[in-house]
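Source file: data-v7.cif. Holds: mmCIF, C-alpha atoms.
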```
data_model
#
loop_
_atom_site.label_atom_id
_atom_site.label_comp_id
_atom_site.auth_asym_id
_atom_site.auth_seq_id
_atom_site.Cartn_x
_atom_site.Cartn_y
_atom_site.Cartn_z
CA MET A 1 8.17 -35.92 3.40
CA VAL A 2 8.92 -34.94 7.01
CA LYS A 3 12.67 -34.89 6.31
CA VAL A 4 12.13 -32.71 3.25
CA MET A 5 10.08 -30.21 5.25
CA GLU A 6 12.67 -30.17 8.04
CA GLU A 7 15.41 -29.47 5.51
CA LYS A 8 13.41 -26.59 4.02
CA VAL A 9 12.96 -25.12 7.49
CA ARG A 10 16.70 -25.40 8.14
CA VAL A 11 17.44 -23.58 4.88
CA VAL A 12 15.18 -20.70 5.93
CA GLU A 13 16.78 -20.59 9.37
CA ARG A 14 20.25 -20.45 7.83
CA ALA A 15 19.21 -17.65 5.49
CA PHE A 16 17.95 -15.64 8.48
CA ASP A 17 21.20 -16.40 10.34
CA ILE A 18 23.13 -14.90 7.42
CA ILE A 19 20.90 -11.81 7.31
CA GLU A 20 21.31 -11.29 11.06
CA ALA A 21 25.10 -11.67 10.77
CA LEU A 22 25.27 -9.10 7.98
CA ALA A 23 22.94 -6.72 9.82
CA CYS A 24 25.11 -6.87 12.96
CA SER A 25 28.39 -6.39 11.09
CA ARG A 26 29.83 -2.90 10.68
CA LYS A 27 31.55 -3.89 7.45
CA SER A 28 31.01 -6.20 4.50
CA MET A 29 31.68 -9.88 5.18
CA SER A 30 33.35 -12.54 3.08
CA VAL A 31 31.79 -15.96 2.62
CA THR A 32 34.38 -17.37 5.02
CA ASP A 33 33.54 -14.77 7.69
CA ILE A 34 29.82 -15.43 7.28
CA ALA A 35 30.31 -19.19 7.51
CA LYS A 36 32.34 -18.82 10.72
CA SER A 37 29.89 -16.36 12.27
CA THR A 38 26.82 -18.47 11.54
CA LYS A 39 28.43 -21.92 11.92
CA ILE A 40 27.15 -22.78 8.44
CA SER A 41 29.33 -24.66 5.98
CA LYS A 42 31.07 -22.42 3.47
CA SER A 43 29.41 -24.17 0.50
CA THR A 44 25.93 -23.76 2.01
CA ALA A 45 26.57 -20.13 2.88
CA PHE A 46 27.78 -19.48 -0.66
CA ARG A 47 24.65 -21.03 -2.23
CA LEU A 48 22.32 -19.07 0.04
CA LEU A 49 24.21 -15.83 -0.61
CA GLN A 50 23.98 -16.40 -4.37
CA THR A 51 20.22 -16.80 -4.13
CA MET A 52 19.78 -13.75 -1.90
CA HIS A 53 22.07 -11.72 -4.14
CA SER A 54 20.01 -12.64 -7.21
CA ARG A 55 16.92 -11.33 -5.40
CA GLY A 56 18.64 -8.14 -4.26
CA PHE A 57 18.50 -8.98 -0.55
CA VAL A 58 22.30 -8.86 -0.23
CA GLU A 59 24.91 -6.84 -2.10
CA LYS A 60 28.35 -8.05 -3.24
CA ASP A 61 31.29 -5.68 -3.71
CA GLU A 62 34.40 -5.95 -5.90
CA ASN A 63 36.17 -7.93 -3.17
CA GLN A 64 33.40 -10.55 -3.14
CA ALA A 65 32.29 -9.34 0.30
CA TYR A 66 28.61 -9.17 1.19
CA SER A 67 26.35 -6.66 2.92
CA ILE A 68 22.62 -6.08 3.38
CA GLY A 69 20.98 -5.27 0.03
CA TYR A 70 18.67 -2.42 -0.86
CA LYS A 71 15.80 -4.82 -1.60
CA LEU A 72 15.72 -5.93 2.03
CA ILE A 73 15.95 -2.33 3.19
CA ASP A 74 13.06 -1.40 0.88
CA VAL A 75 10.90 -4.25 2.18
CA VAL A 76 11.50 -3.28 5.81
CA SER A 77 11.04 0.43 5.07
CA SER A 78 7.79 -0.24 3.25
CA HIS A 79 6.43 -2.12 6.26
CA ILE A 80 7.55 0.60 8.66
CA ASN A 81 5.98 3.27 6.44
CA THR A 82 2.69 1.36 6.39
CA LEU A 83 2.70 1.10 10.18
CA GLU A 84 3.43 4.83 10.44
CA LEU A 85 0.65 5.58 7.96
CA GLN A 86 -1.87 3.56 9.95
CA THR A 87 -0.80 5.16 13.21
CA GLU A 88 -1.00 8.71 11.88
CA ALA A 89 -4.33 8.11 10.12
CA LYS A 90 -6.12 6.54 13.07
CA SER A 91 -7.44 9.64 14.82
CA TYR A 92 -8.57 11.25 11.56
CA LEU A 93 -10.46 8.13 10.49
CA GLU A 94 -12.16 7.97 13.86
CA ALA A 95 -13.08 11.66 13.72
CA LEU A 96 -14.65 11.30 10.27
CA ARG A 97 -16.66 8.29 11.34
CA ALA A 98 -17.84 10.05 14.50
CA GLU A 99 -18.87 13.20 12.63
CA PHE A 100 -20.77 11.58 9.77
CA ASN A 101 -21.69 8.18 11.26
CA MET A 102 -20.48 6.45 8.10
CA ALA A 103 -17.79 3.87 7.36
CA VAL A 104 -14.30 5.20 6.66
CA HIS A 105 -11.37 3.47 4.99
CA LEU A 106 -7.64 3.69 4.39
CA GLY A 107 -6.27 2.05 1.25
CA ILE A 108 -3.15 1.61 -0.84
CA LEU A 109 -2.70 0.78 -4.52
CA HIS A 110 -1.78 -2.84 -5.18
CA GLY A 111 -1.32 -3.29 -8.91
CA ALA A 112 -4.67 -2.45 -10.50
CA ASP A 113 -6.52 -3.01 -7.22
CA ILE A 114 -7.06 -0.94 -4.13
CA SER A 115 -6.15 -2.78 -0.93
CA TYR A 116 -8.06 -1.72 2.18
CA ILE A 117 -5.52 -1.71 5.00
CA GLU A 118 -7.86 -0.15 7.55
CA ASN A 119 -11.62 -0.07 7.89
CA LEU A 120 -13.77 1.58 10.52
CA ASP A 121 -17.33 0.40 10.15
CA ILE A 122 -20.25 2.13 11.84
CA SER A 123 -21.31 -1.18 13.39
CA LEU A 124 -18.09 -1.35 15.42
CA PRO A 125 -17.42 0.34 18.78
CA MET A 126 -15.88 3.76 18.33
CA ASN A 127 -12.54 2.61 19.74
CA LYS A 128 -12.38 -0.49 17.57
CA TYR A 129 -9.72 -0.30 14.87
CA THR A 130 -9.53 -3.25 12.49
CA GLN A 131 -7.53 -4.33 9.50
CA ALA A 132 -9.64 -5.04 6.47
CA GLY A 133 -7.39 -6.75 3.93
CA TYR A 134 -10.09 -6.44 1.30
CA ARG A 135 -9.34 -5.62 -2.34
CA SER A 136 -11.47 -4.12 -5.07
CA PRO A 137 -10.78 -2.89 -8.62
CA ALA A 138 -9.15 0.53 -8.44
CA TYR A 139 -11.03 1.91 -11.47
CA CYS A 140 -14.42 1.75 -9.70
CA SER A 141 -13.16 2.75 -6.26
CA SER A 142 -12.86 6.34 -5.10
CA MET A 143 -9.58 5.58 -3.33
CA GLY A 144 -8.30 3.70 -6.35
CA LYS A 145 -9.14 6.56 -8.69
CA CYS A 146 -7.34 9.01 -6.40
CA LEU A 147 -4.14 6.99 -6.52
CA LEU A 148 -4.37 6.16 -10.21
CA SER A 149 -4.73 9.88 -10.94
CA CYS A 150 -1.34 10.47 -9.31
CA LEU A 151 0.50 8.05 -11.59
CA SER A 152 2.52 9.30 -14.54
CA GLY A 153 1.03 8.82 -17.99
CA GLU A 154 3.49 6.01 -18.71
CA GLU A 155 2.76 4.24 -15.41
CA LEU A 156 -0.98 4.44 -16.03
CA GLU A 157 -0.68 3.13 -19.58
CA THR A 158 1.43 0.20 -18.38
CA LEU A 159 -1.03 -0.62 -15.61
CA LEU A 160 -4.10 -0.44 -17.82
CA TYR A 161 -2.56 -2.14 -20.86
CA ASN A 162 -4.99 -4.86 -21.99
CA TYR A 163 -6.94 -4.31 -18.76
CA THR A 164 -10.56 -5.47 -18.78
CA PHE A 165 -13.04 -2.98 -17.33
CA LYS A 166 -15.87 -5.04 -15.87
CA LYS A 167 -19.27 -3.36 -15.63
CA TYR A 168 -20.48 -3.88 -12.05
CA THR A 169 -23.43 -1.48 -12.30
CA GLU A 170 -24.97 0.76 -14.92
CA TYR A 171 -22.78 3.60 -13.57
CA THR A 172 -19.41 1.84 -13.90
CA ILE A 173 -16.98 3.60 -16.25
CA THR A 174 -15.75 0.96 -18.70
CA ASN A 175 -14.41 3.13 -21.52
CA PRO A 176 -10.62 3.53 -21.06
CA ASN A 177 -10.49 6.98 -22.67
CA GLU A 178 -13.41 8.24 -20.62
CA PHE A 179 -11.76 6.85 -17.51
CA LYS A 180 -8.45 8.59 -18.25
CA GLN A 181 -10.28 11.88 -18.74
CA TYR A 182 -11.97 11.43 -15.38
CA LEU A 183 -8.59 10.81 -13.74
CA LYS A 184 -7.37 14.16 -15.09
CA GLN A 185 -10.34 15.78 -13.36
CA VAL A 186 -9.54 13.94 -10.13
CA ARG A 187 -5.95 15.14 -10.28
CA ARG A 188 -7.09 18.76 -10.72
CA GLN A 189 -9.69 18.75 -7.95
CA GLY A 190 -7.84 16.58 -5.43
CA TRP A 191 -10.64 14.12 -4.70
CA ALA A 192 -12.56 11.29 -6.34
CA MET A 193 -15.98 9.74 -6.06
CA ASP A 194 -17.44 6.30 -6.57
CA ASN A 195 -21.01 7.11 -7.52
CA GLN A 196 -22.68 3.68 -7.37
CA GLU A 197 -20.01 2.34 -9.74
CA TYR A 198 -19.19 -0.75 -7.69
CA CYS A 199 -22.39 -1.24 -5.72
CA LEU A 200 -25.83 0.22 -6.42
CA GLY A 201 -27.05 2.61 -3.74
CA GLN A 202 -23.52 3.21 -2.45
CA ARG A 203 -21.43 6.35 -2.75
CA CYS A 204 -17.85 6.89 -1.66
CA VAL A 205 -15.65 10.00 -1.51
CA ALA A 206 -11.85 9.84 -1.23
CA ALA A 207 -8.74 12.03 -1.22
CA PRO A 208 -5.06 11.06 -1.63
CA ILE A 209 -2.41 11.00 1.09
CA PHE A 210 1.15 12.12 0.27
CA ASP A 211 4.42 11.36 2.06
CA TYR A 212 7.53 13.47 2.65
CA ARG A 213 8.70 12.73 -0.93
CA SER A 214 5.41 14.12 -2.30
CA ASP A 215 4.45 10.61 -3.46
CA ALA A 216 0.80 9.56 -3.24
CA ILE A 217 1.11 6.51 -0.99
CA ALA A 218 -2.47 5.97 0.17
CA SER A 219 -5.98 7.33 0.17
CA ILE A 220 -8.66 7.93 2.76
CA SER A 221 -12.38 7.58 2.03
CA ILE A 222 -15.84 7.72 3.53
CA SER A 223 -18.69 5.59 2.22
CA GLY A 224 -22.43 5.61 2.70
CA THR A 225 -25.73 5.20 0.96
CA THR A 226 -27.07 7.64 -1.60
CA ASN A 227 -29.41 8.85 1.15
CA GLN A 228 -26.44 9.65 3.36
CA ILE A 229 -24.10 11.15 0.76
CA THR A 230 -26.59 13.37 -1.03
CA ASP A 231 -25.75 16.07 -3.55
CA GLU A 232 -26.55 18.64 -0.86
CA LYS A 233 -24.17 17.11 1.69
CA LEU A 234 -21.46 16.29 -0.84
CA PRO A 235 -19.50 19.60 -0.64
CA GLU A 236 -19.19 19.34 3.16
CA ILE A 237 -18.13 15.69 3.03
CA ILE A 238 -15.58 16.37 0.29
CA GLY A 239 -14.10 19.23 2.31
CA LYS A 240 -13.78 17.16 5.46
CA VAL A 241 -12.24 14.15 3.66
CA LYS A 242 -9.73 16.38 1.85
CA GLN A 243 -8.82 18.11 5.11
CA ALA A 244 -8.28 14.77 6.85
CA ALA A 245 -6.08 13.56 3.99
CA ASP A 246 -4.09 16.82 4.08
CA ASN A 247 -3.61 16.53 7.84
CA ILE A 248 -2.34 12.95 7.55
CA SER A 249 -0.03 13.99 4.71
CA HIS A 250 1.50 16.75 6.83
CA ARG A 251 1.97 14.29 9.69
CA LEU A 252 3.96 12.13 7.27
CA GLY A 253 6.22 15.05 6.36
CA TYR A 254 4.47 16.32 3.23
CA ALA A 255 5.19 20.01 2.77
#
```
Structure rendered as structure tokens:
Amino acid sequence: MVKVMEEKVRVVERAFDIIEALACSRKSMSVTDIAKSTKISKSTAFRLLQTMHSRGFVEKDENQAYSIGYKLIDVVSSHINTLELQTEAKSYLEALRAEFNMAVHLGILHGADISYIENLDISLPMNKYTQAGYRSPAYCSSMGKCLLSCLSGEELETLLYNYTFKKYTEYTITNPNEFKQYLKQVRRQGWAMDNQEYCLGQRCVAAPIFDYRSDAIASISISGTTNQITDEKLPEIIGKVKQAADNISHRLGYA
């Protein structure tokens, strides 16, 4: 068992050696060049390159030479974009929490769920900035509804095909057609609300964040009790959340 694990680790190390060699090269590399550069046998290098090529992590040209693939670039870019998003959003999240003394969140769409990548709770010190990592169904989340509303009709249909809408509270929207109509409203108005749809006594208001390509990449929200987010206070809260989302979007290059 130990030998098997050690061999698996060596395979991973060799794959990283190949990626580093390709990343440092100014031109595409043949299998022979890669094997010499990494001190890996030609047969092993070839097998690893085949696997990485099938996953899109390396590209192969007509001369059978290899270079870094777009899949790897996309993965790295996605991580960098998330870090940039979190950095740019930080001050606006803190300002919202300070002004309303309520929890604020930053989330991204992950399939049919919303993934909370940042969470500032009112119980934390004002300078505390933590990663949440929590997921909830997008259809009963204000952030999720914001991002779902920005999908094309085809993307939404694909995502919701055979999807089961669970009723968490008496206010949860479980009718697909009713939900799609609500998303049209969200798209028009530029914000969404979770009105006790996931948890009784809890309200949440969110607005989408756009990047330089005009793609909705995330959403920002504020959540509180029904006593905190009252109908009277709702217009002010909506305005401030939308403004924060707009400011973050502009920081990310959205025109």
key: Resolved residues for the PyMOL selection byres ((chain A and resi 244) around 9) as a list in words   = Ala89, Tyr92, Leu93, Ala95, Leu96, Ala207, Ile220, Gly239, Lys240, Val241, Lys242, Gln243, Ala245, Asp246, Asn247, Ile248 and Ser249 of chain A
query = Quick one: distance from CA of Ser43 in chain A to CA of Ala23 in chain A in Å, one decimal?
reply =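 Calculated distance between CA of Ser43 in chain A and CA of Ala23 in chain A is 20.8 Å.
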message = Need the shell around Thr38 in chain A: protein/DNA/RNA residues with any atom at most 9 Å away, counting all atoms listed in the file. Skip same-chain ones fewer than 5 positions apart. Format as a ChimeraX atom specification?
response = /A:14,17-18,21,33,45
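Proximity to Lys145 in chain A was assessed for A:Pro235, A:Gly201, A:Gly107, A:Gly253 counting all atoms listed in the file; the smallest distance is recorded for A:Gly107.
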For the structure shown, which residues end up in the PyMOL selection byres ((chain A and resi 94) around 12)? Put them as a PDB file with C-alpha atoms, in the frame of the given file, please?
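Saved file out-v1.pdb follows:
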```
ATOM      1  CA  GLN A  86      -1.870   3.560   9.950  1.00  0.00           C
ATOM      2  CA  THR A  87      -0.800   5.160  13.210  1.00  0.00           C
ATOM      3  CA  GLU A  88      -1.000   8.710  11.880  1.00  0.00           C
ATOM      4  CA  ALA A  89      -4.330   8.110  10.120  1.00  0.00           C
ATOM      5  CA  LYS A  90      -6.120   6.540  13.070  1.00  0.00           C
ATOM      6  CA  SER A  91      -7.440   9.640  14.820  1.00  0.00           C
ATOM      7  CA  TYR A  92      -8.570  11.250  11.560  1.00  0.00           C
ATOM      8  CA  LEU A  93     -10.460   8.130  10.490  1.00  0.00           C
ATOM      9  CA  ALA A  95     -13.080  11.660  13.720  1.00  0.00           C
ATOM     10  CA  LEU A  96     -14.650  11.300  10.270  1.00  0.00           C
ATOM     11  CA  ARG A  97     -16.660   8.290  11.340  1.00  0.00           C
ATOM     12  CA  ALA A  98     -17.840  10.050  14.500  1.00  0.00           C
ATOM     13  CA  GLU A  99     -18.870  13.200  12.630  1.00  0.00           C
ATOM     14  CA  PHE A 100     -20.770  11.580   9.770  1.00  0.00           C
ATOM     15  CA  ASN A 101     -21.690   8.180  11.260  1.00  0.00           C
ATOM     16  CA  MET A 102     -20.480   6.450   8.100  1.00  0.00           C
ATOM     17  CA  ALA A 103     -17.790   3.870   7.360  1.00  0.00           C
ATOM     18  CA  VAL A 104     -14.300   5.200   6.660  1.00  0.00           C
ATOM     19  CA  HIS A 105     -11.370   3.470   4.990  1.00  0.00           C
ATOM     20  CA  LEU A 106      -7.640   3.690   4.390  1.00  0.00           C
ATOM     21  CA  GLU A 118      -7.860  -0.150   7.550  1.00  0.00           C
ATOM     22  CA  ASN A 119     -11.620  -0.070   7.890  1.00  0.00           C
ATOM     23  CA  LEU A 120     -13.770   1.580  10.520  1.00  0.00           C
ATOM     24  CA  ASP A 121     -17.330   0.400  10.150  1.00  0.00           C
ATOM     25  CA  ILE A 122     -20.250   2.130  11.840  1.00  0.00           C
ATOM     26  CA  LEU A 124     -18.090  -1.350  15.420  1.00  0.00           C
ATOM     27  CA  PRO A 125     -17.420   0.340  18.780  1.00  0.00           C
ATOM     28  CA  MET A 126     -15.880   3.760  18.330  1.00  0.00           C
ATOM     29  CA  ASN A 127     -12.540   2.610  19.740  1.00  0.00           C
ATOM     30  CA  LYS A 128     -12.380  -0.490  17.570  1.00  0.00           C
ATOM     31  CA  TYR A 129      -9.720  -0.300  14.870  1.00  0.00           C
ATOM     32  CA  THR A 130      -9.530  -3.250  12.490  1.00  0.00           C
ATOM     33  CA  ILE A 220      -8.660   7.930   2.760  1.00  0.00           C
ATOM     34  CA  SER A 221     -12.380   7.580   2.030  1.00  0.00           C
ATOM     35  CA  ILE A 222     -15.840   7.720   3.530  1.00  0.00           C
ATOM     36  CA  VAL A 241     -12.240  14.150   3.660  1.00  0.00           C
ATOM     37  CA  ALA A 244      -8.280  14.770   6.850  1.00  0.00           C
TER      38      ALA A 244
END
```
query = From the list A:Ile209, A:Met29, A:Leu22, A:Leu234, which residue is nearest Cys150 in chain A when using only C-alpha atoms?
reply =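 That would be A:Ile209, the residue with the smallest distance to Cys150 in chain A.
Note that the spacing between CA of Gln64 in chain A and CA of Val12 in chain A amounts to 22.7 Å.
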